[in-house]
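What follows is a set of notes on a single structure, which appears directly below.
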Amino acid sequence: MNSQLVVLAQSGGVDWIDFNVQLLQDRFWANTVDGLSYGSIYALIAIGYTLVYGVLKLINFAHAEVFIVGAFAAYFTFSFLGYAPGVTLDTGVGPLIINLLAAAIVAAACSATVALILERVAYRPLRKHNAPRLVFLITAIGASFVIQQLFFIWRGANPEPAILLLQPEPVFEFWGARVMNVQIVIVTAAVIMLLVADTFVNRTRLGRGMRAVADDPATATLMGVNRDRVIMLTFALGGTLAGLAALFYIMQIPQGIYYQGGFILGIKAFTAAVLGGIGNLRGAVLGGLILGVVENYGQSLFGGEWRDVVAFVLLIAILMFRPTGILGETLGRARA
Amino acid sequence: MTTETKAESARRRPFGQWIRDWWNSQSRPAQWVMLIPLLLFVIALPFLNFAPISTEPGTDYEIALFNVARYALIAIGLNIVIGQAGMLDLGYVAFFAIGAYAAAVMTSRDSFLVNEYPWLVAIPIAIAVTMVSGVIIGTPTLRLRGDYLAIVTLGFGEIVRLLADNIDPLRGQIGFRDVGRPPGTYSNGEQIFSQADGKPWYWLTIGFIIVMLIMVGNLERSRVGRAWVAVREDEDAAELMGVPTFRFKIWAFVMGAAIGGLAGTLYAGQLGFVNNQRFDVVTSVLFLCAVVLGGAGNKVGVLLGAIVISYVPDRFQEIAQYKFLIFGLALVILMVFRPQGLLGARQRLLARGRWAYQRLLGRTEQVATESSLTEHREGAETP
């Protein structure tokens with residue numbers, strides 16, 4: 001018995017996890033830069049979760065698949081435009097921007113379409129029945145399965161060969177952290193998109209309708225807001241942002257496009273949404289950035305294979321200790 | 001509005017209602033006697049290996065039967081959590097994995113433990129380990145409700161899988177070989193339980209299913225079962241009525257975990273090998289599918305669901321590669337058109353109440369089909 005315990009302690013003790021504080025210190029700023037670039041992708045997806053949750057009180061589990069549809073769409077656009085695995089076109093800045101815009105439009109359109117189809121086919125009939133929330137969630141899981149499997153049947157289990165849009169090159173150094181051109185593009189574009197989304201929800205007439213439905217659906221309907229149209233708009237906006245996030249994702253992780261690739265990103269984006277306070281648009285952005293950075297610190301501290309565990313532990317910790325998130329959960333004004 | 005829907009539901013009497021009424025009007029011993037032929041049929045199934053029932057070449061019929069039985073056992077366990085207590089658990093595969101790994105660690109020669117323990121010793125310990133892990137996972141998570149609970153259980157399920165990937169002593173993809181099997185040899189010295197022969201495993205699992213059905217049935221009719229129903233229908237009301245909801249939720253979680261762990265040990269034993277594959281979210285959703293498809297909260301329903309989920313892909317090879325697609329579609333279609341599943345749960349009087357009703361009114365009780373998992377009740381929160 002004693003010898004057994006000794007062996008257990010030797011092999012099952014702390015061998016299997018390292019705490020590499022030195023590496024974390026060395027790579028602190030590099031991790032921060034990486035984290036912000038991942039985080040802005042999470043933020044864009046998280047907005048989709050947070051808007052739908054705000055308006056419908058529904059976790060759109062299939063949002064991860066809306067995202068992966070965008071990734072496939074962007075990928076095929078690039079291969080249509082002449083990019084190929086292993087080849088980097090040296091087109092110059094002008095054509096590159098045009099290509100990026102084309103891919104962005106296609107990806108956003110595909111994602112938004114799929115999100116709208118989901119809403120129309122799966123969720124609207126349930127709303128008509130006044131189904132309970134768990135039924136919505138199970139439907140979402142089923143729908144997510146269907147989309148995943150369609151891609152599996154079409155493209156198989158292997159990731160698509162990586163297409164590089166831009167040869168990653170360091171642009172400048174920042175306290176020992178090399179900032180890549182790709183990362184600059186991602187973060188800049190993401191920040192612009194986030195500002196546009198924020199303005200749309202907070203400043204425009206349509207956005208006001210969304211906030212009204214989120215705040216009080218019955219009263220909003222009485223005041224002449226078309227609830228169904230607002231819900232469609234919400235799904236379309238979430239889908240658009242997920243499609244754009246997919247484009248940036250291709251640039252960040254070119255080898256990550258396969259049928260289940262959306263799942264882990266979906267969970268992380270949901271974590272980001274909850275972290276910032278689900279239903280809260282700016283919270284989703286904050287949550288995404290924090291998650292991206294923390295996850296990268298975790299990767300240095302524990303090793304790359306623990307990266308996803310860090311995200312899951314963070315998710316569980318937030319839901320248990322502060323389910324309302326950092327900024328509190330609301331899409332409209334704060335409800336007393 | 002309410003009266004109209006009630007009248008409507010009375011007009012459209014559910015399919016097979018008369019069978020149900022007739023069954024419920026029988027006394028318990030009579031029900032037992034009538035179940036004997038069914039039981040004999042189930043036991044004889046491995047020998048009925050011919051045209052319409054048998055699986056297609058390439059899939060071993062007896063092992064397919066064992067897998068059906070394994071899924072049925074899992075569905076019974078998950079049904080306690082989802083159907084009885086109303087908690088949507090998306091990480092149930094974690095308990096299945098813990099059971100399988102616990103059995104493997106204790107019985108395999110690849111294990112980091114110096115001694116190998118016999119199967120009969122390992123199984124109770126493995127179940128105990130899953131129950132403890134149920135408490136560990138349940139204590140922090142069960143304060144949450146509804147969809148948040150679902151996501152947290154999903155997170156725990158993934159963490160368990162990633163731990164199996166990352167912790168070196170658990171051997172990742174290399175896995176454990178020669179997982180222990182139940183003892184016993186034929187007269188010619190061959191092992192009764194082997195990887196090739198599915199029959200003993202099937203019968204063993206059927207035995208466990210019967211024990212579990214009786215046990216879970218008794219739990220349902222007891223104080224515990226009434227508390228679970230109360231928690232499922234309205235947790236706040238239950239708490240106000242003095243039901244210690246948290247304790248009973250943990251109970252449901254741990255019972256479910258134990259049964260999932262048992263199924264995991266059987267899986268590991270039959271296969272003789274455990275590694276980190278097949279414990280992912282997809283498997284969890286497949287388990288969920290079995291429960292929801294058949295009808296959460298209805299024991300016969302979940303058994304039917306498990307049979308569909310496991311047997312159909314083995315029986316019809318040409319659709320096997322599309323099984324996830326088909327089950328995903330089935331989930332969506334079912335939730336839209338028949339959210340209570342093929343056989344919905346029914347609110348019934350329990351034990352003595354049923355008996356008293358029969359004595360006083362001379363007929364079986366009226367069965368309500370309403371439940372928090374199926375229809376909207378007035379005043380309940382909706383998206």
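To be explicit about the labels: the chains of the structure tokens are called A, B, and onward in the order shown, and within each one the residues are counted from 1, while ligands get numbers from 1 in the order they are shown.
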Where does stretch 147-207 of chain A meet stretch 216-235 of chain A within 10 Å, residue by residue, with the nearest atom pair and distance in Å to one decimal for each, counting only C-alpha atoms, listed by chain and rising number, as JSON lines?
```
{"residue": "A:Val201", "atom": "CA", "partner": "A:Thr234", "partner_atom": "CA", "distance": 9.8}
{"residue": "A:Leu206", "atom": "CA", "partner": "A:Val230", "partner_atom": "CA", "distance": 7.6}
{"residue": "A:Gly207", "atom": "CA", "partner": "A:Val230", "partner_atom": "CA", "distance": 8.7}
```
Hey, which bits of chain B sit within 8 Å of chain A, and for each residue what's the closest pair of atoms and how far apart in Å (one decimal), counting only C-alpha atoms, rows by chain and increasing number, as CSV?
```
residue,atom,partner,partner_atom,distance
B:Leu88,CA,A:Leu134,CA,7.4
B:Phe112,CA,A:Leu8,CA,6.8
B:Leu113,CA,A:Gln4,CA,6.2
B:Val114,CA,A:Gln4,CA,5.9
B:Asn115,CA,A:Gln4,CA,7.7
B:Pro140,CA,A:Met320,CA,6.8
B:Thr141,CA,A:Met320,CA,6.7
B:Arg143,CA,A:Met320,CA,7.7
B:Leu144,CA,A:Met320,CA,7.3
B:Gly146,CA,A:Leu134,CA,6.6
B:Asp147,CA,A:Leu134,CA,6.5
B:Tyr148,CA,A:Leu319,CA,7.3
B:Val152,CA,A:Ile316,CA,5.7
B:Gly155,CA,A:Phe312,CA,5.5
B:Phe156,CA,A:Phe312,CA,7.6
B:Glu158,CA,A:Phe312,CA,7.8
B:Ile159,CA,A:Val309,CA,6.0
B:Leu162,CA,A:Val309,CA,6.9
B:Asn166,CA,A:Glu305,CA,6.7
B:Ile167,CA,A:Trp16,CA,5.3
B:Asp168,CA,A:Trp16,CA,5.7
B:Pro169,CA,A:Gly12,CA,6.3
B:Val285,CA,A:Ile141,CA,7.9
B:Tyr322,CA,A:Gln149,CA,7.7
B:Phe324,CA,A:Gln149,CA,6.7
B:Leu325,CA,A:Val146,CA,5.0
B:Ile326,CA,A:Val146,CA,7.7
B:Phe327,CA,A:Gly142,CA,7.6
B:Gly328,CA,A:Gly142,CA,4.2
B:Leu329,CA,A:Val146,CA,6.1
B:Ala330,CA,A:Gly142,CA,7.7
B:Leu331,CA,A:Gly142,CA,5.2
B:Val332,CA,A:Thr139,CA,4.8
B:Met335,CA,A:Thr139,CA,6.0
B:Val336,CA,A:Leu126,CA,5.9
B:Pro339,CA,A:Val135,CA,6.9
B:Ser372,CA,A:Pro132,CA,7.2
B:Leu373,CA,A:Pro132,CA,6.9
B:Thr374,CA,A:Pro132,CA,7.3
B:Glu375,CA,A:Ala131,CA,6.3
B:His376,CA,A:Ala131,CA,5.7
B:Glu381,CA,A:Pro132,CA,7.6
B:Thr382,CA,A:Pro132,CA,5.8
B:Pro383,CA,A:Leu56,CA,4.9
```
Inset, instruction - Write out as a PyMOL selection string which residues come within 7 Å of B:Ile250 when counting only C-alpha atoms, dropping same-chain ones fewer than 2 positions away. - result: chain B and resi 135+138-139+246-248+252-254
Those residues you just picked out, can you put them in a file as a PDB file, in the first residue's frame with all heavy atoms?
```pdb
ATOM      1  N   VAL B 135     -20.263  14.720  -6.856  1.00  0.00           N
ATOM      2  CA  VAL B 135     -20.400  15.713  -5.787  1.00  0.00           C
ATOM      3  C   VAL B 135     -19.481  16.893  -6.059  1.00  0.00           C
ATOM      4  O   VAL B 135     -19.870  18.059  -5.922  1.00  0.00           O
ATOM      5  CB  VAL B 135     -20.073  15.078  -4.416  1.00  0.00           C
ATOM      6  CG1 VAL B 135     -20.090  16.135  -3.326  1.00  0.00           C
ATOM      7  CG2 VAL B 135     -21.058  13.977  -4.104  1.00  0.00           C
ATOM      8  N   GLY B 138     -20.845  18.754  -8.968  1.00  0.00           N
ATOM      9  CA  GLY B 138     -22.190  19.260  -8.704  1.00  0.00           C
ATOM     10  C   GLY B 138     -22.234  20.380  -7.686  1.00  0.00           C
ATOM     11  O   GLY B 138     -22.989  21.337  -7.862  1.00  0.00           O
ATOM     12  N   THR B 139     -21.428  20.288  -6.630  1.00  0.00           N
ATOM     13  CA  THR B 139     -21.545  21.259  -5.551  1.00  0.00           C
ATOM     14  C   THR B 139     -21.421  22.700  -6.040  1.00  0.00           C
ATOM     15  O   THR B 139     -22.270  23.522  -5.717  1.00  0.00           O
ATOM     16  CB  THR B 139     -20.496  20.968  -4.457  1.00  0.00           C
ATOM     17  OG1 THR B 139     -20.581  19.593  -4.143  1.00  0.00           O
ATOM     18  CG2 THR B 139     -20.733  21.796  -3.231  1.00  0.00           C
ATOM     19  N   PHE B 246     -31.280  22.092  -3.122  1.00  0.00           N
ATOM     20  CA  PHE B 246     -29.882  21.876  -3.477  1.00  0.00           C
ATOM     21  C   PHE B 246     -29.485  20.435  -3.207  1.00  0.00           C
ATOM     22  O   PHE B 246     -28.853  19.777  -4.031  1.00  0.00           O
ATOM     23  CB  PHE B 246     -29.000  22.846  -2.693  1.00  0.00           C
ATOM     24  CG  PHE B 246     -27.554  22.761  -3.054  1.00  0.00           C
ATOM     25  CD1 PHE B 246     -27.116  23.236  -4.276  1.00  0.00           C
ATOM     26  CD2 PHE B 246     -26.639  22.191  -2.194  1.00  0.00           C
ATOM     27  CE1 PHE B 246     -25.782  23.149  -4.630  1.00  0.00           C
ATOM     28  CE2 PHE B 246     -25.312  22.095  -2.535  1.00  0.00           C
ATOM     29  CZ  PHE B 246     -24.891  22.574  -3.756  1.00  0.00           C
ATOM     30  N   ARG B 247     -29.913  19.931  -2.028  1.00  0.00           N
ATOM     31  CA  ARG B 247     -29.538  18.574  -1.655  1.00  0.00           C
ATOM     32  C   ARG B 247     -30.104  17.565  -2.655  1.00  0.00           C
ATOM     33  O   ARG B 247     -29.429  16.628  -3.079  1.00  0.00           O
ATOM     34  CB  ARG B 247     -30.043  18.274  -0.256  1.00  0.00           C
ATOM     35  CG  ARG B 247     -29.252  17.186   0.411  1.00  0.00           C
ATOM     36  CD  ARG B 247     -29.590  17.059   1.861  1.00  0.00           C
ATOM     37  NE  ARG B 247     -30.816  16.321   2.062  1.00  0.00           N
ATOM     38  CZ  ARG B 247     -31.587  16.455   3.139  1.00  0.00           C
ATOM     39  NH1 ARG B 247     -31.254  17.319   4.073  1.00  0.00           N
ATOM     40  NH2 ARG B 247     -32.678  15.752   3.264  1.00  0.00           N
ATOM     41  N   PHE B 248     -31.350  17.773  -3.057  1.00  0.00           N
ATOM     42  CA  PHE B 248     -31.945  16.804  -3.962  1.00  0.00           C
ATOM     43  C   PHE B 248     -31.373  16.927  -5.370  1.00  0.00           C
ATOM     44  O   PHE B 248     -31.313  15.944  -6.107  1.00  0.00           O
ATOM     45  CB  PHE B 248     -33.464  16.933  -3.960  1.00  0.00           C
ATOM     46  CG  PHE B 248     -34.080  16.319  -2.734  1.00  0.00           C
ATOM     47  CD1 PHE B 248     -34.683  17.095  -1.768  1.00  0.00           C
ATOM     48  CD2 PHE B 248     -34.007  14.952  -2.548  1.00  0.00           C
ATOM     49  CE1 PHE B 248     -35.214  16.521  -0.638  1.00  0.00           C
ATOM     50  CE2 PHE B 248     -34.543  14.367  -1.414  1.00  0.00           C
ATOM     51  CZ  PHE B 248     -35.152  15.155  -0.455  1.00  0.00           C
ATOM     52  N   ALA B 252     -29.675  13.869  -7.400  1.00  0.00           N
ATOM     53  CA  ALA B 252     -29.971  13.468  -8.777  1.00  0.00           C
ATOM     54  C   ALA B 252     -28.680  13.398  -9.583  1.00  0.00           C
ATOM     55  O   ALA B 252     -28.436  12.452 -10.344  1.00  0.00           O
ATOM     56  CB  ALA B 252     -30.939  14.455  -9.413  1.00  0.00           C
ATOM     57  N   PHE B 253     -27.836  14.396  -9.393  1.00  0.00           N
ATOM     58  CA  PHE B 253     -26.584  14.470 -10.132  1.00  0.00           C
ATOM     59  C   PHE B 253     -25.706  13.265  -9.817  1.00  0.00           C
ATOM     60  O   PHE B 253     -25.128  12.643 -10.713  1.00  0.00           O
ATOM     61  CB  PHE B 253     -25.878  15.771  -9.728  1.00  0.00           C
ATOM     62  CG  PHE B 253     -25.093  16.401 -10.824  1.00  0.00           C
ATOM     63  CD1 PHE B 253     -25.719  16.838 -11.974  1.00  0.00           C
ATOM     64  CD2 PHE B 253     -23.730  16.573 -10.708  1.00  0.00           C
ATOM     65  CE1 PHE B 253     -25.001  17.432 -12.984  1.00  0.00           C
ATOM     66  CE2 PHE B 253     -23.005  17.162 -11.720  1.00  0.00           C
ATOM     67  CZ  PHE B 253     -23.638  17.590 -12.855  1.00  0.00           C
ATOM     68  N   VAL B 254     -25.617  12.919  -8.525  1.00  0.00           N
ATOM     69  CA  VAL B 254     -24.743  11.826  -8.106  1.00  0.00           C
ATOM     70  C   VAL B 254     -25.302  10.481  -8.563  1.00  0.00           C
ATOM     71  O   VAL B 254     -24.552   9.606  -9.018  1.00  0.00           O
ATOM     72  CB  VAL B 254     -24.552  11.872  -6.582  1.00  0.00           C
ATOM     73  CG1 VAL B 254     -23.852  10.629  -6.087  1.00  0.00           C
ATOM     74  CG2 VAL B 254     -23.758  13.097  -6.201  1.00  0.00           C
TER      75      VAL B 254
END
```
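Take atom CA of A:Val93 and atom CA of A:Ile253: the distance between them is 21.3 Å.
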Compile the contact shell of B:Ala75 as a PDB file with all heavy atoms, in the first residue's frame: residues with an atom at most 9 Å away, counting only C-alpha atoms, same-chain residues fewer than 3 positions apart removed.
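Wrote out-v1.pdb, looks like this:
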```pdb
ATOM      1  N   ARG B  70     -25.882  -0.684 -23.370  1.00  0.00           N
ATOM      2  CA  ARG B  70     -25.048   0.321 -22.697  1.00  0.00           C
ATOM      3  C   ARG B  70     -25.687   1.700 -22.821  1.00  0.00           C
ATOM      4  O   ARG B  70     -25.777   2.447 -21.849  1.00  0.00           O
ATOM      5  CB  ARG B  70     -23.654   0.305 -23.339  1.00  0.00           C
ATOM      6  CG  ARG B  70     -22.685   1.280 -22.786  1.00  0.00           C
ATOM      7  CD  ARG B  70     -21.297   0.925 -23.274  1.00  0.00           C
ATOM      8  NE  ARG B  70     -21.170   1.058 -24.714  1.00  0.00           N
ATOM      9  CZ  ARG B  70     -20.914   2.213 -25.329  1.00  0.00           C
ATOM     10  NH1 ARG B  70     -20.795   3.313 -24.639  1.00  0.00           N
ATOM     11  NH2 ARG B  70     -20.786   2.250 -26.643  1.00  0.00           N
ATOM     12  N   TYR B  71     -26.158   2.013 -24.030  1.00  0.00           N
ATOM     13  CA  TYR B  71     -26.818   3.300 -24.217  1.00  0.00           C
ATOM     14  C   TYR B  71     -28.084   3.386 -23.375  1.00  0.00           C
ATOM     15  O   TYR B  71     -28.416   4.447 -22.843  1.00  0.00           O
ATOM     16  CB  TYR B  71     -27.140   3.531 -25.699  1.00  0.00           C
ATOM     17  CG  TYR B  71     -26.070   4.317 -26.403  1.00  0.00           C
ATOM     18  CD1 TYR B  71     -24.951   3.696 -26.919  1.00  0.00           C
ATOM     19  CD2 TYR B  71     -26.176   5.697 -26.506  1.00  0.00           C
ATOM     20  CE1 TYR B  71     -23.960   4.412 -27.532  1.00  0.00           C
ATOM     21  CE2 TYR B  71     -25.186   6.427 -27.125  1.00  0.00           C
ATOM     22  CZ  TYR B  71     -24.078   5.779 -27.637  1.00  0.00           C
ATOM     23  OH  TYR B  71     -23.096   6.502 -28.232  1.00  0.00           O
ATOM     24  N   ALA B  72     -28.793   2.260 -23.262  1.00  0.00           N
ATOM     25  CA  ALA B  72     -30.011   2.266 -22.449  1.00  0.00           C
ATOM     26  C   ALA B  72     -29.664   2.588 -21.003  1.00  0.00           C
ATOM     27  O   ALA B  72     -30.346   3.383 -20.343  1.00  0.00           O
ATOM     28  CB  ALA B  72     -30.706   0.922 -22.554  1.00  0.00           C
ATOM     29  N   LEU B  78     -28.943   9.402 -17.277  1.00  0.00           N
ATOM     30  CA  LEU B  78     -29.080  10.809 -17.672  1.00  0.00           C
ATOM     31  C   LEU B  78     -30.519  11.276 -17.478  1.00  0.00           C
ATOM     32  O   LEU B  78     -30.771  12.449 -17.195  1.00  0.00           O
ATOM     33  CB  LEU B  78     -28.638  10.985 -19.131  1.00  0.00           C
ATOM     34  CG  LEU B  78     -28.550  12.408 -19.665  1.00  0.00           C
ATOM     35  CD1 LEU B  78     -27.649  13.245 -18.788  1.00  0.00           C
ATOM     36  CD2 LEU B  78     -28.029  12.412 -21.085  1.00  0.00           C
ATOM     37  N   ASN B  79     -31.453  10.334 -17.602  1.00  0.00           N
ATOM     38  CA  ASN B  79     -32.856  10.686 -17.419  1.00  0.00           C
ATOM     39  C   ASN B  79     -33.141  11.150 -15.990  1.00  0.00           C
ATOM     40  O   ASN B  79     -34.019  11.983 -15.765  1.00  0.00           O
ATOM     41  CB  ASN B  79     -33.733   9.491 -17.784  1.00  0.00           C
ATOM     42  CG  ASN B  79     -35.193   9.831 -17.702  1.00  0.00           C
ATOM     43  OD1 ASN B  79     -35.604  10.912 -18.108  1.00  0.00           O
ATOM     44  ND2 ASN B  79     -35.977   8.925 -17.157  1.00  0.00           N
ATOM     45  N   ILE B  80     -32.390  10.618 -15.023  1.00  0.00           N
ATOM     46  CA  ILE B  80     -32.584  11.090 -13.652  1.00  0.00           C
ATOM     47  C   ILE B  80     -32.280  12.577 -13.591  1.00  0.00           C
ATOM     48  O   ILE B  80     -33.019  13.357 -13.005  1.00  0.00           O
ATOM     49  CB  ILE B  80     -31.669  10.332 -12.675  1.00  0.00           C
ATOM     50  CG1 ILE B  80     -32.013   8.852 -12.684  1.00  0.00           C
ATOM     51  CG2 ILE B  80     -31.795  10.895 -11.274  1.00  0.00           C
ATOM     52  CD1 ILE B  80     -31.120   8.029 -11.808  1.00  0.00           C
ATOM     53  N   GLY B 260     -23.832   6.534 -15.000  1.00  0.00           N
ATOM     54  CA  GLY B 260     -22.942   6.831 -16.123  1.00  0.00           C
ATOM     55  C   GLY B 260     -21.586   6.167 -15.937  1.00  0.00           C
ATOM     56  O   GLY B 260     -21.008   5.620 -16.881  1.00  0.00           O
ATOM     57  N   PHE B 287     -25.831  11.284 -26.099  1.00  0.00           N
ATOM     58  CA  PHE B 287     -26.554  10.804 -24.915  1.00  0.00           C
ATOM     59  C   PHE B 287     -27.811  11.646 -24.693  1.00  0.00           C
ATOM     60  O   PHE B 287     -28.896  11.121 -24.439  1.00  0.00           O
ATOM     61  CB  PHE B 287     -25.674  10.885 -23.659  1.00  0.00           C
ATOM     62  CG  PHE B 287     -24.467   9.989 -23.675  1.00  0.00           C
ATOM     63  CD1 PHE B 287     -23.421  10.192 -22.795  1.00  0.00           C
ATOM     64  CD2 PHE B 287     -24.381   8.930 -24.564  1.00  0.00           C
ATOM     65  CE1 PHE B 287     -22.309   9.370 -22.797  1.00  0.00           C
ATOM     66  CE2 PHE B 287     -23.274   8.099 -24.580  1.00  0.00           C
ATOM     67  CZ  PHE B 287     -22.236   8.332 -23.692  1.00  0.00           C
ATOM     68  N   LEU B 288     -27.613  12.959 -24.797  1.00  0.00           N
ATOM     69  CA  LEU B 288     -28.749  13.874 -24.615  1.00  0.00           C
ATOM     70  C   LEU B 288     -29.843  13.543 -25.611  1.00  0.00           C
ATOM     71  O   LEU B 288     -31.033  13.522 -25.293  1.00  0.00           O
ATOM     72  CB  LEU B 288     -28.273  15.314 -24.810  1.00  0.00           C
ATOM     73  CG  LEU B 288     -29.361  16.383 -24.820  1.00  0.00           C
ATOM     74  CD1 LEU B 288     -29.838  16.641 -23.425  1.00  0.00           C
ATOM     75  CD2 LEU B 288     -28.881  17.657 -25.463  1.00  0.00           C
ATOM     76  N   ALA B 290     -30.514  10.691 -26.968  1.00  0.00           N
ATOM     77  CA  ALA B 290     -31.244   9.476 -26.602  1.00  0.00           C
ATOM     78  C   ALA B 290     -32.366   9.816 -25.628  1.00  0.00           C
ATOM     79  O   ALA B 290     -33.490   9.338 -25.765  1.00  0.00           O
ATOM     80  CB  ALA B 290     -30.287   8.456 -25.996  1.00  0.00           C
ATOM     81  N   VAL B 291     -32.043  10.657 -24.643  1.00  0.00           N
ATOM     82  CA  VAL B 291     -33.035  10.983 -23.619  1.00  0.00           C
ATOM     83  C   VAL B 291     -34.152  11.850 -24.193  1.00  0.00           C
ATOM     84  O   VAL B 291     -35.339  11.580 -23.996  1.00  0.00           O
ATOM     85  CB  VAL B 291     -32.352  11.681 -22.428  1.00  0.00           C
ATOM     86  CG1 VAL B 291     -33.375  12.234 -21.474  1.00  0.00           C
ATOM     87  CG2 VAL B 291     -31.444  10.713 -21.714  1.00  0.00           C
ATOM     88  N   LYS B 299     -39.387   6.664 -18.466  1.00  0.00           N
ATOM     89  CA  LYS B 299     -38.380   5.603 -18.498  1.00  0.00           C
ATOM     90  C   LYS B 299     -38.457   4.764 -19.771  1.00  0.00           C
ATOM     91  O   LYS B 299     -37.452   4.454 -20.396  1.00  0.00           O
ATOM     92  CB  LYS B 299     -38.542   4.699 -17.275  1.00  0.00           C
ATOM     93  CG  LYS B 299     -37.790   5.202 -16.077  1.00  0.00           C
ATOM     94  CD  LYS B 299     -38.008   4.289 -14.903  1.00  0.00           C
ATOM     95  CE  LYS B 299     -39.475   4.246 -14.555  1.00  0.00           C
ATOM     96  NZ  LYS B 299     -39.794   3.531 -13.330  1.00  0.00           N
ATOM     97  N   VAL B 302     -37.051   6.849 -22.668  1.00  0.00           N
ATOM     98  CA  VAL B 302     -35.599   6.984 -22.833  1.00  0.00           C
ATOM     99  C   VAL B 302     -34.977   5.664 -23.287  1.00  0.00           C
ATOM    100  O   VAL B 302     -34.005   5.661 -24.034  1.00  0.00           O
ATOM    101  CB  VAL B 302     -34.892   7.518 -21.565  1.00  0.00           C
ATOM    102  CG1 VAL B 302     -35.417   8.880 -21.214  1.00  0.00           C
ATOM    103  CG2 VAL B 302     -35.029   6.570 -20.407  1.00  0.00           C
ATOM    104  N   LEU B 303     -35.571   4.549 -22.863  1.00  0.00           N
ATOM    105  CA  LEU B 303     -35.061   3.267 -23.361  1.00  0.00           C
ATOM    106  C   LEU B 303     -35.249   3.192 -24.871  1.00  0.00           C
ATOM    107  O   LEU B 303     -34.347   2.799 -25.612  1.00  0.00           O
ATOM    108  CB  LEU B 303     -35.783   2.104 -22.684  1.00  0.00           C
ATOM    109  CG  LEU B 303     -35.483   1.919 -21.190  1.00  0.00           C
ATOM    110  CD1 LEU B 303     -36.294   0.767 -20.626  1.00  0.00           C
ATOM    111  CD2 LEU B 303     -34.002   1.667 -20.974  1.00  0.00           C
ATOM    112  N   GLY B 305     -35.471   5.720 -26.881  1.00  0.00           N
ATOM    113  CA  GLY B 305     -34.524   6.666 -27.470  1.00  0.00           C
ATOM    114  C   GLY B 305     -33.141   6.056 -27.597  1.00  0.00           C
ATOM    115  O   GLY B 305     -32.483   6.178 -28.631  1.00  0.00           O
ATOM    116  N   ALA B 306     -32.702   5.362 -26.531  1.00  0.00           N
ATOM    117  CA  ALA B 306     -31.376   4.749 -26.563  1.00  0.00           C
ATOM    118  C   ALA B 306     -31.302   3.685 -27.647  1.00  0.00           C
ATOM    119  O   ALA B 306     -30.300   3.573 -28.357  1.00  0.00           O
ATOM    120  CB  ALA B 306     -31.060   4.137 -25.198  1.00  0.00           C
TER     121      ALA B 306
END
```
Contacts of stretch 43-51 of chain A at 6 Å or less, counting only C-alpha atoms, minus same-chain residues fewer than 2 places along, as a compact mmCIF listing (two decimals) with N, CA and C atoms, in the first residue's frame?
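Final output, out_5.txt:
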```txt
# COMPACT_ATOMS: atom_id res chain seq x y z
N GLY A 39 -8.23 38.21 -28.77
CA GLY A 39 -9.36 38.76 -28.02
C GLY A 39 -10.30 39.55 -28.89
N SER A 40 -9.75 40.26 -29.89
CA SER A 40 -10.68 41.04 -30.72
C SER A 40 -11.52 40.12 -31.59
N ILE A 41 -10.98 38.94 -31.94
CA ILE A 41 -11.81 37.96 -32.65
C ILE A 41 -12.91 37.45 -31.74
N TYR A 53 -28.79 37.03 -26.78
CA TYR A 53 -29.22 36.80 -25.41
C TYR A 53 -30.00 37.99 -24.88
N GLY A 54 -29.54 39.18 -25.20
CA GLY A 54 -30.22 40.37 -24.73
C GLY A 54 -31.66 40.43 -25.24
N GLY A 238 -25.51 39.88 -35.59
CA GLY A 238 -24.61 38.91 -34.96
C GLY A 238 -23.89 38.08 -36.00
N LEU A 241 -21.12 40.08 -37.86
CA LEU A 241 -19.90 40.23 -37.06
C LEU A 241 -19.16 38.91 -36.95
N ALA A 242 -19.92 37.80 -36.84
CA ALA A 242 -19.26 36.49 -36.78
C ALA A 242 -18.52 36.21 -38.08
N ALA A 245 -15.40 38.18 -38.01
CA ALA A 245 -14.48 37.52 -37.08
C ALA A 245 -13.83 36.33 -37.76
N ALA A 269 -16.05 32.51 -27.05
CA ALA A 269 -16.76 33.76 -27.24
C ALA A 269 -17.90 33.87 -26.25
N PHE A 270 -18.56 32.75 -25.99
CA PHE A 270 -19.63 32.79 -24.99
C PHE A 270 -19.06 33.14 -23.63
N ALA A 273 -18.60 36.72 -23.53
CA ALA A 273 -19.85 37.44 -23.35
C ALA A 273 -20.29 37.41 -21.90
N ILE A 278 -23.49 39.22 -19.89
CA ILE A 278 -24.18 38.87 -21.12
C ILE A 278 -25.36 39.80 -21.34
N GLY A 279 -25.56 40.17 -22.58
CA GLY A 279 -26.58 41.16 -22.90
C GLY A 279 -25.99 42.56 -22.98
N ALA A 284 -19.17 42.56 -23.77
CA ALA A 284 -18.69 41.46 -24.61
C ALA A 284 -17.31 41.80 -25.16
N VAL A 285 -17.11 43.05 -25.55
CA VAL A 285 -15.81 43.45 -26.09
C VAL A 285 -14.74 43.35 -25.00
N GLY A 288 -14.03 39.74 -24.23
CA GLY A 288 -13.24 39.10 -25.27
C GLY A 288 -11.77 39.42 -25.12
```
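Nearest residue to B:Ser111 among B:Val274, B:Ala258, B:Leu40, B:Ile127 is B:Val274, counting only C-alpha atoms.
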